[in-house]
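Contents: one structure, followed by commentary.
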Amino acid sequence: MKRTVSFILILLLALPLAACTVSPAAMIEPTEAPTEAPATEAPATDEPALTEVPVVTDEPAPTDEPVSTPVPEWPADADLPRIIQNGGTAFLICPDGTVYGWGNNEYGQLGIGSTEDKHAPVFVSNGITPVIVGETVFALSADNILWGWGRNDSGQLGMGSTDEATRPVELMHFVKGVYKEYNRVYVLTEAGDLYRLGAEAEPELLFEDVESFYGGCLIRNGGELWISSPEWIKKADGVSRAFDRWGNFVERSDGMLCCVNYNGDFEPICGDVRQVEIADNTAYILKNDGSLWSYAREGDFHEVPDDQLEKLVHIMDGVARISCGWEMDEDWGYSYNFALKTNGELWSWGPGFSNALVGKAQDNESRDPECVAEGVRSFFTNGAHTFIVTYDGRVLATGSGIEFDFMHCPLGDGTEETRFGFVDIGLKGICTVFTHLDVEYIDYDDGTDSVELFARTYAIDAEGRIFAWGWNGNGCLGVGSGDENVLSPTEVFLTK
C-alpha cells in the first residue's frame, strides 16, 4: 500500500499547473519599497547665478534610501479568539472565556446535551477551555479542574462508568496538564502523579514524582529520563527537558543540548538553545543568536552525507522561528522544514514530493533551503497546506487540492487545484490562522486499505471576525452551508 499511495502522491505533485508559474516573489508585494523625491530646480532669476554656491531649498534631496511602509499593529494573541478542532468538531475560545462549538456531534462531543450535528456555532460553556478535541473532549478550567464529555463507550473519560456524557462532567482536580498519545489520554497532576485514562474504568496511576511528560517519555523529579519501549524503563539522569517522544534529544540540567544514545550516555551537541524541532532523527536547532543548525543521527530519508552525520552543521543566520515535521507510513506521508527570518523572509526545504507543501516549484529537485516568500509575519502548516500572513494582513497559500477522491483539501483560492507556490486567497486584515488535517485510515472487507484526507482552515481578523474554508462534509465547517467543499473563505457568524 505504501508504494501505491506514494505513487499516487507523486502523480499528484507532478500535475502540470500553468496557473502556478509565477514566482513567489512576484506574487507577494514587497513590504518596503524605495521612493524617490522629485528633484528641485532653482527658481528663475535675472541675476547671474553664483557658480560655486549650491541652491538652498526646503525640498528633500533625491535619495535612493528605502522608505519603510508602516506595518499595522495587530491585537495581542491573548485578545483574539482561538480555534481548536479535530475530526470535524471545532470549538471557538473567546478572550473572555466563552466557548462556542459546531460540527460533528455524533457522540455528544459538542457538550450541548444532544447528539445533533451543528452547522453554525452554538454556545457551549464559559470558563471551561477544550484542550483535546475528538470523539471524546477534555477541557480545563482556570482553577485547574479537568472536565470531559463525548464518547465514553469504553470508559474513555475515566469517570468509573461507560455512561454517555453529552454535557461537561467534572473529572479531576489540581491538574497540571492533559496529553493525548495515540488513543490514550494522560493526566499530570500538580502533585506529580501521572494517570492514564481509557485503559480502565477508573484513572490508572502510572508514575509519581513526574515533572514533565512527552508522550513516549517523561522526566521525574531529579532529572530521571524514562522511556516507553514498550515497557517503561529508565534511560538517563540529569535531564531538564526532552524534545521528542523517544527521548533521543534532550536538554541536560546544565543547559547543554544532547543526544542520548542507546546506552543512555549523553553525546553533547551545543548550548544556548532557543528552539529545537525533530524530524526523522534530525534535530533542527535555533540558537538564541538567531543561527540555525542541524544535527542528524541517520541520513537515509533526508539523504544526509556521511560526513555530516552526528555533526553540528550550520544552515543559516537571522532566524526568528522554525517549524519542522515528518510523517511517513504505509499509507501517506509528508516532510517539511520552514525557517522564518527576522527580515520577513520565509525559507523552506524538503524532498521533491513535498514541493507543494513547502511552496517550491513543481520541478524543483533541490533539498537545499530556498526563500519561498517575503514580507511574512507568520506561517501555519497542517501537512497538506501551508498558509502565510503577510505584514499587511493578507493570507497566501500553497499545497494540495482535491483532484483525487481521497483528498478533501480545498486550499481556499476558489479552485480545486494543487498549488506549487503561494497564491493570494483574497483576505485582508488577518491576524492569525488555525488549520488542521484529519487523516482517516480505512480497512475494507477484502483486505485492502486506503487513506482519506480532510483539511479545514479558519482565519481571524483584527476585529475578531472568523473566515472558514475547506472540507464541509455534513456542514461541519460552521458556515451554515451544505456544500461538501467550501473553496473560498466564508464568514462564520456567532449567535450570541
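Naming scheme: A, B, ... for chains in displayed order of the C-alpha cells; residues 1 onward per chain; ligands 1 onward as shown.
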
Using 12 Å as the limit and counting only C-alpha atoms, can you tabulate each residue of segment 141-180 of chain A that touches segment 122-135 of chain A, with its shortest atom-to-atom distance in Å and the two atoms involved, as a Markdown table?
```
| residue | atom | partner | partner_atom | distance |
| --- | --- | --- | --- | --- |
| A:Ser141 | CA | A:Ile128 | CA | 4.5 |
| A:Ala142 | CA | A:Gly127 | CA | 6.8 |
| A:Asp143 | CA | A:Gly127 | CA | 9.5 |
| A:Asn144 | CA | A:Ile128 | CA | 9.8 |
| A:Ile145 | CA | A:Ile128 | CA | 8.9 |
| A:Leu146 | CA | A:Ile128 | CA | 8.8 |
| A:Trp147 | CA | A:Ile128 | CA | 7.7 |
| A:Gly148 | CA | A:Pro130 | CA | 8.7 |
| A:Trp149 | CA | A:Glu135 | CA | 8.8 |
| A:Gly150 | CA | A:Glu135 | CA | 6.0 |
| A:Arg151 | CA | A:Glu135 | CA | 5.5 |
| A:Asn152 | CA | A:Glu135 | CA | 8.9 |
| A:Asp153 | CA | A:Glu135 | CA | 10.8 |
| A:Gln156 | CA | A:Glu135 | CA | 10.0 |
| A:Leu157 | CA | A:Glu135 | CA | 10.9 |
| A:Glu164 | CA | A:Glu135 | CA | 11.9 |
| A:Ala165 | CA | A:Glu135 | CA | 11.2 |
| A:Thr166 | CA | A:Val124 | CA | 10.9 |
| A:Arg167 | CA | A:Val124 | CA | 8.9 |
| A:Pro168 | CA | A:Ser125 | CA | 8.7 |
| A:Val169 | CA | A:Ile128 | CA | 10.9 |
| A:Glu170 | CA | A:Ile128 | CA | 10.5 |
| A:Gly177 | CA | A:Val131 | CA | 9.4 |
| A:Val178 | CA | A:Val131 | CA | 7.5 |
| A:Tyr179 | CA | A:Ile132 | CA | 7.7 |
| A:Lys180 | CA | A:Ile132 | CA | 7.3 |
```

Output C-alpha atoms for every residue in the selection just made, as a tab-separated table (two decimals), in the first residue's frame.
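New file out.tsv:
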```
chain	number	residue	atom	x	y	z
A	141	SER	CA	-10.92	25.42	33.82
A	142	ALA	CA	-8.93	28.32	35.24
A	143	ASP	CA	-8.81	26.61	38.65
A	144	ASN	CA	-7.13	23.52	37.12
A	145	ILE	CA	-10.18	21.24	37.16
A	146	LEU	CA	-10.36	18.65	34.37
A	147	TRP	CA	-13.67	18.26	32.56
A	148	GLY	CA	-14.71	15.81	29.86
A	149	TRP	CA	-17.60	14.82	27.63
A	150	GLY	CA	-18.40	12.90	24.47
A	151	ARG	CA	-17.75	9.27	23.58
A	152	ASN	CA	-17.37	7.04	26.62
A	153	ASP	CA	-18.38	3.55	25.50
A	156	GLN	CA	-12.54	6.83	27.85
A	157	LEU	CA	-13.45	9.62	30.27
A	164	GLU	CA	-22.98	8.69	27.88
A	165	ALA	CA	-21.76	12.23	28.55
A	166	THR	CA	-23.29	14.89	26.29
A	167	ARG	CA	-22.53	17.68	28.78
A	168	PRO	CA	-19.28	18.53	30.61
A	169	VAL	CA	-18.52	16.23	33.54
A	170	GLU	CA	-16.06	17.15	36.31
A	177	GLY	CA	-1.55	19.12	32.04
A	178	VAL	CA	-3.50	16.83	29.72
A	179	TYR	CA	-1.86	14.94	26.84
A	180	LYS	CA	-3.05	12.63	24.07
```

Based on DSSP run over this structure's backbone, return all residues of segment 242-345 of chain A in strand (DSSP E or B), as a PyMOL selection string.
-> chain A and resi 242+249-252+257-260+266-270+273-279+282-287+292-296+309+313-316+319-328+333-341

Exercise: Asp368 of chain A partners within 7 Å, only C-alpha atoms, chain neighbours under 2 positions left out, as a VMD selection string = chain A and resid 349 366 370

Given only C-alpha atoms as the counted atoms, nearest of A:Ile285, A:Leu92, A:Leu292, A:Val185 to Thr136 of chain A = A:Val185

Contacts of Leu188 of chain A within 12 Å, only C-alpha atoms, excl. fewer than 3 positions in-chain, as a VMD selection string | chain A and resid 144 to 146 172 to 180 185 191 to 197 203 to 215 218 to 220

Output for the residues just chosen: N, CA and C atoms as an mmCIF file, in the first residue's frame:
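Wrote it out as again19.cif, contents follow:
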```cif
data_model
loop_
_atom_site.group_PDB
_atom_site.id
_atom_site.type_symbol
_atom_site.label_atom_id
_atom_site.label_comp_id
_atom_site.auth_asym_id
_atom_site.auth_seq_id
_atom_site.Cartn_x
_atom_site.Cartn_y
_atom_site.Cartn_z
ATOM 1 N N ASN A 144 -7.824 24.787 37.347
ATOM 2 C CA ASN A 144 -7.134 23.516 37.116
ATOM 3 C C ASN A 144 -8.000 22.286 37.404
ATOM 4 N N ILE A 145 -9.282 22.388 37.089
ATOM 5 C CA ILE A 145 -10.176 21.241 37.161
ATOM 6 C C ILE A 145 -10.318 20.664 35.755
ATOM 7 N N LEU A 146 -10.213 19.330 35.647
ATOM 8 C CA LEU A 146 -10.355 18.648 34.367
ATOM 9 C C LEU A 146 -11.812 18.255 34.151
ATOM 10 N N MET A 172 -11.305 15.533 37.410
ATOM 11 C CA MET A 172 -10.192 15.550 38.352
ATOM 12 C C MET A 172 -9.849 16.982 38.734
ATOM 13 N N HIS A 173 -9.277 17.138 39.945
ATOM 14 C CA HIS A 173 -8.848 18.452 40.422
ATOM 15 C C HIS A 173 -7.322 18.535 40.407
ATOM 16 N N PHE A 174 -6.812 19.772 40.512
ATOM 17 C CA PHE A 174 -5.368 20.037 40.629
ATOM 18 C C PHE A 174 -4.590 19.427 39.463
ATOM 19 N N VAL A 175 -5.086 19.663 38.250
ATOM 20 C CA VAL A 175 -4.477 19.104 37.046
ATOM 21 C C VAL A 175 -3.468 20.086 36.468
ATOM 22 N N LYS A 176 -2.277 19.590 36.180
ATOM 23 C CA LYS A 176 -1.203 20.414 35.607
ATOM 24 C C LYS A 176 -1.223 20.380 34.093
ATOM 25 N N GLY A 177 -1.549 19.238 33.489
ATOM 26 C CA GLY A 177 -1.550 19.125 32.037
ATOM 27 C C GLY A 177 -2.295 17.883 31.580
ATOM 28 N N VAL A 178 -2.800 17.950 30.332
ATOM 29 C CA VAL A 178 -3.500 16.826 29.716
ATOM 30 C C VAL A 178 -2.844 16.555 28.371
ATOM 31 N N TYR A 179 -2.598 15.293 28.043
ATOM 32 C CA TYR A 179 -1.862 14.935 26.837
ATOM 33 C C TYR A 179 -2.542 13.757 26.153
ATOM 34 N N LYS A 180 -2.524 13.756 24.821
ATOM 35 C CA LYS A 180 -3.051 12.632 24.065
ATOM 36 C C LYS A 180 -1.920 11.967 23.301
ATOM 37 N N VAL A 185 -5.248 8.993 26.717
ATOM 38 C CA VAL A 185 -5.132 10.330 27.293
ATOM 39 C C VAL A 185 -4.448 10.207 28.648
ATOM 40 N N ALA A 191 0.671 17.516 41.861
ATOM 41 C CA ALA A 191 1.490 16.758 42.811
ATOM 42 C C ALA A 191 2.513 15.866 42.112
ATOM 43 N N GLY A 192 2.448 15.769 40.762
ATOM 44 C CA GLY A 192 3.397 14.957 40.023
ATOM 45 C C GLY A 192 2.920 13.550 39.740
ATOM 46 N N ASP A 193 1.640 13.280 39.946
ATOM 47 C CA ASP A 193 1.089 11.961 39.641
ATOM 48 C C ASP A 193 0.648 11.928 38.177
ATOM 49 N N LEU A 194 1.067 10.877 37.456
ATOM 50 C CA LEU A 194 0.689 10.712 36.058
ATOM 51 C C LEU A 194 -0.326 9.590 35.943
ATOM 52 N N TYR A 195 -1.521 9.925 35.434
ATOM 53 C CA TYR A 195 -2.595 8.957 35.263
ATOM 54 C C TYR A 195 -2.831 8.699 33.780
ATOM 55 N N ARG A 196 -3.326 7.498 33.477
ATOM 56 C CA ARG A 196 -3.742 7.161 32.125
ATOM 57 C C ARG A 196 -5.245 6.904 32.136
ATOM 58 N N LEU A 197 -5.932 7.531 31.194
ATOM 59 C CA LEU A 197 -7.365 7.331 31.052
ATOM 60 C C LEU A 197 -7.623 6.430 29.852
ATOM 61 N N PRO A 203 -9.225 6.128 36.476
ATOM 62 C CA PRO A 203 -7.875 6.543 36.050
ATOM 63 C C PRO A 203 -6.804 5.633 36.638
ATOM 64 N N GLU A 204 -5.848 5.251 35.798
ATOM 65 C CA GLU A 204 -4.785 4.338 36.210
ATOM 66 C C GLU A 204 -3.521 5.132 36.536
ATOM 67 N N LEU A 205 -3.029 5.031 37.769
ATOM 68 C CA LEU A 205 -1.818 5.728 38.177
ATOM 69 C C LEU A 205 -0.604 5.008 37.605
ATOM 70 N N LEU A 206 0.179 5.716 36.790
ATOM 71 C CA LEU A 206 1.369 5.135 36.171
ATOM 72 C C LEU A 206 2.647 5.463 36.927
ATOM 73 N N PHE A 207 2.820 6.750 37.291
ATOM 74 C CA PHE A 207 4.046 7.212 37.922
ATOM 75 C C PHE A 207 3.729 8.270 38.961
ATOM 76 N N GLU A 208 4.634 8.385 39.922
ATOM 77 C CA GLU A 208 4.625 9.501 40.862
ATOM 78 C C GLU A 208 5.882 10.328 40.646
ATOM 79 N N ASP A 209 5.889 11.532 41.179
ATOM 80 C CA ASP A 209 7.066 12.426 41.113
ATOM 81 C C ASP A 209 7.464 12.751 39.679
ATOM 82 N N VAL A 210 6.483 13.021 38.827
ATOM 83 C CA VAL A 210 6.749 13.361 37.432
ATOM 84 C C VAL A 210 6.773 14.883 37.274
ATOM 85 N N GLU A 211 7.838 15.386 36.646
ATOM 86 C CA GLU A 211 7.945 16.820 36.378
ATOM 87 C C GLU A 211 7.317 17.202 35.047
ATOM 88 N N SER A 212 7.553 16.399 34.000
ATOM 89 C CA SER A 212 7.039 16.708 32.665
ATOM 90 C C SER A 212 6.841 15.415 31.892
ATOM 91 N N PHE A 213 5.879 15.470 30.940
ATOM 92 C CA PHE A 213 5.503 14.294 30.175
ATOM 93 C C PHE A 213 5.508 14.631 28.697
ATOM 94 N N TYR A 214 6.039 13.731 27.855
ATOM 95 C CA TYR A 214 6.187 13.991 26.424
ATOM 96 C C TYR A 214 5.608 12.871 25.572
ATOM 97 N N GLY A 215 4.661 12.120 26.102
ATOM 98 C CA GLY A 215 4.059 11.025 25.344
ATOM 99 C C GLY A 215 4.805 9.737 25.553
ATOM 100 N N LEU A 218 9.151 10.583 29.753
ATOM 101 C CA LEU A 218 8.821 11.513 30.836
ATOM 102 C C LEU A 218 10.074 11.787 31.644
ATOM 103 N N ILE A 219 10.018 12.883 32.399
ATOM 104 C CA ILE A 219 11.121 13.257 33.285
ATOM 105 C C ILE A 219 10.585 13.313 34.705
ATOM 106 N N ARG A 220 11.212 12.564 35.594
ATOM 107 C CA ARG A 220 10.816 12.548 37.002
ATOM 108 C C ARG A 220 11.676 13.522 37.794
#
```

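Summary of the local environment: counting only C-alpha atoms, residues at most 12 Å from segment 441-443 of chain A, other than itself and those fewer than 2 positions away along its chain, are Met1, Asp329, Glu330, Asp331, Trp332, Phe406, Asp438, Val439, Asp445, Asp446, Gly447, Thr448, Asp449, Ser450, Val451, Glu452, Leu453 and Phe454 of chain A.
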
Kindly give the distance, in Å, that separates atom CA of Gln275 of chain A and atom CA of Ile430 of chain A, rounded to a single decimal.
->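 Taking atom CA of Gln275 of chain A and atom CA of Ile430 of chain A, their separation equals 26.1 Å.
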
Using DSSP on the backbone coordinates, identify all residues within segment 66-313 of chain A classified as helix (DSSP H, G or I); present the result as a PyMOL selection string.
-> chain A and resi 77-79+306-308

Wanna dump the segment 308-366 of chain A-segment 411-428 of chain A contacts at 8 Å for me, each residue with its shortest atom pair and the distance in Å to one decimal, counting only C-alpha atoms, ordered by chain and number, as CSV?
```
residue,atom,partner,partner_atom,distance
A:Asn355,CA,A:Phe420,CA,6.5
A:Ala356,CA,A:Phe420,CA,4.3
A:Leu357,CA,A:Phe420,CA,7.6
A:Val358,CA,A:Gly421,CA,7.9
A:Gly359,CA,A:Gly421,CA,4.2
A:Lys360,CA,A:Gly421,CA,5.7
A:Ala361,CA,A:Phe420,CA,5.3
A:Gln362,CA,A:Phe420,CA,5.6
```

Tell me which protein, DNA and RNA residues are within 10 Å of Leu80 of chain A, counting only C-alpha atoms, leaving out same-chain ones fewer than 4 positions away, and put them as a PDB file with N, CA and C atoms, in the first residue's frame.
```pdb
ATOM      1  N   TRP A  74      -1.312  44.706  15.176  1.00  0.00           N
ATOM      2  CA  TRP A  74      -2.374  43.736  15.390  1.00  0.00           C
ATOM      3  C   TRP A  74      -2.605  43.540  16.878  1.00  0.00           C
ATOM      4  N   PRO A  75      -3.804  43.096  17.257  1.00  0.00           N
ATOM      5  CA  PRO A  75      -4.051  42.779  18.671  1.00  0.00           C
ATOM      6  C   PRO A  75      -3.132  41.668  19.146  1.00  0.00           C
ATOM      7  N   ALA A  76      -2.857  41.668  20.456  1.00  0.00           N
ATOM      8  CA  ALA A  76      -2.067  40.575  21.024  1.00  0.00           C
ATOM      9  C   ALA A  76      -2.850  39.272  20.909  1.00  0.00           C
ATOM     10  N   ILE A  93     -12.719  29.575  21.285  1.00  0.00           N
ATOM     11  CA  ILE A  93     -12.493  30.073  22.645  1.00  0.00           C
ATOM     12  C   ILE A  93     -12.312  31.577  22.576  1.00  0.00           C
ATOM     13  N   CYS A  94     -13.261  32.327  23.091  1.00  0.00           N
ATOM     14  CA  CYS A  94     -13.214  33.790  23.065  1.00  0.00           C
ATOM     15  C   CYS A  94     -12.295  34.306  24.158  1.00  0.00           C
ATOM     16  N   PRO A  95     -11.780  35.543  24.015  1.00  0.00           N
ATOM     17  CA  PRO A  95     -10.878  36.093  25.033  1.00  0.00           C
ATOM     18  C   PRO A  95     -11.494  36.159  26.430  1.00  0.00           C
ATOM     19  N   ASP A  96     -12.839  36.286  26.525  1.00  0.00           N
ATOM     20  CA  ASP A  96     -13.481  36.355  27.832  1.00  0.00           C
ATOM     21  C   ASP A  96     -13.790  34.983  28.416  1.00  0.00           C
ATOM     22  N   CYS A 431      -5.110  38.367  11.261  1.00  0.00           N
ATOM     23  CA  CYS A 431      -4.093  38.309  12.306  1.00  0.00           C
ATOM     24  C   CYS A 431      -3.509  36.918  12.487  1.00  0.00           C
ATOM     25  N   THR A 432      -4.345  35.890  12.369  1.00  0.00           N
ATOM     26  CA  THR A 432      -3.857  34.541  12.631  1.00  0.00           C
ATOM     27  C   THR A 432      -4.699  33.521  11.879  1.00  0.00           C
ATOM     28  N   ILE A 460      -8.740  34.583  11.390  1.00  0.00           N
ATOM     29  CA  ILE A 460      -9.379  35.576  12.257  1.00  0.00           C
ATOM     30  C   ILE A 460      -8.728  36.925  12.017  1.00  0.00           C
ATOM     31  N   ASP A 461      -9.574  37.958  11.824  1.00  0.00           N
ATOM     32  CA  ASP A 461      -9.035  39.288  11.560  1.00  0.00           C
ATOM     33  C   ASP A 461      -8.957  40.107  12.842  1.00  0.00           C
ATOM     34  N   ALA A 462      -8.504  41.365  12.707  1.00  0.00           N
ATOM     35  CA  ALA A 462      -8.262  42.209  13.874  1.00  0.00           C
ATOM     36  C   ALA A 462      -9.540  42.550  14.629  1.00  0.00           C
ATOM     37  N   GLU A 463     -10.678  42.432  13.978  1.00  0.00           N
ATOM     38  CA  GLU A 463     -11.956  42.699  14.629  1.00  0.00           C
ATOM     39  C   GLU A 463     -12.586  41.453  15.233  1.00  0.00           C
ATOM     40  N   GLY A 464     -11.893  40.319  15.129  1.00  0.00           N
ATOM     41  CA  GLY A 464     -12.401  39.082  15.682  1.00  0.00           C
ATOM     42  C   GLY A 464     -13.325  38.314  14.765  1.00  0.00           C
ATOM     43  N   ARG A 465     -13.463  38.744  13.514  1.00  0.00           N
ATOM     44  CA  ARG A 465     -14.307  38.014  12.566  1.00  0.00           C
ATOM     45  C   ARG A 465     -13.600  36.734  12.133  1.00  0.00           C
TER      46      ARG A 465
END
```

Out of A:Asn105, A:Thr98, A:Ser378, A:Thr189, which residue has the shortest atom-to-atom distance to Pro81 of chain A when counting only C-alpha atoms?
-> A:Thr98

Which residues, written as a ChimeraX atom specification, have at least one atom at most 7 Å from Pro410 of chain A, with only C-alpha atoms counted and residues fewer than 4 positions away on the same chain left out?
-> /A:401-402,416,470-471,485,487

Please produce a file of the residues just selected, as a short mmCIF file (atom, residue, chain, number, x, y, z; two decimals), in the first residue's frame, where the atoms kept are C-alpha atoms.
```
data_model
loop_
_atom_site.label_atom_id
_atom_site.label_comp_id
_atom_site.auth_asym_id
_atom_site.auth_seq_id
_atom_site.Cartn_x
_atom_site.Cartn_y
_atom_site.Cartn_z
CA GLY A 401 -6.05 20.45 -3.79
CA ILE A 402 -8.85 17.95 -4.32
CA GLU A 416 -9.75 22.57 -6.63
CA GLY A 470 -12.09 23.51 3.31
CA TRP A 471 -13.93 20.23 3.71
CA ASN A 485 -16.33 21.73 -0.20
CA LEU A 487 -13.48 26.67 -1.94
#
```

Nearest to Thr89 of chain A: which of A:Ala242, A:Ile466, A:Leu477, A:Val376 is it, counting only C-alpha atoms?
-> A:Leu477
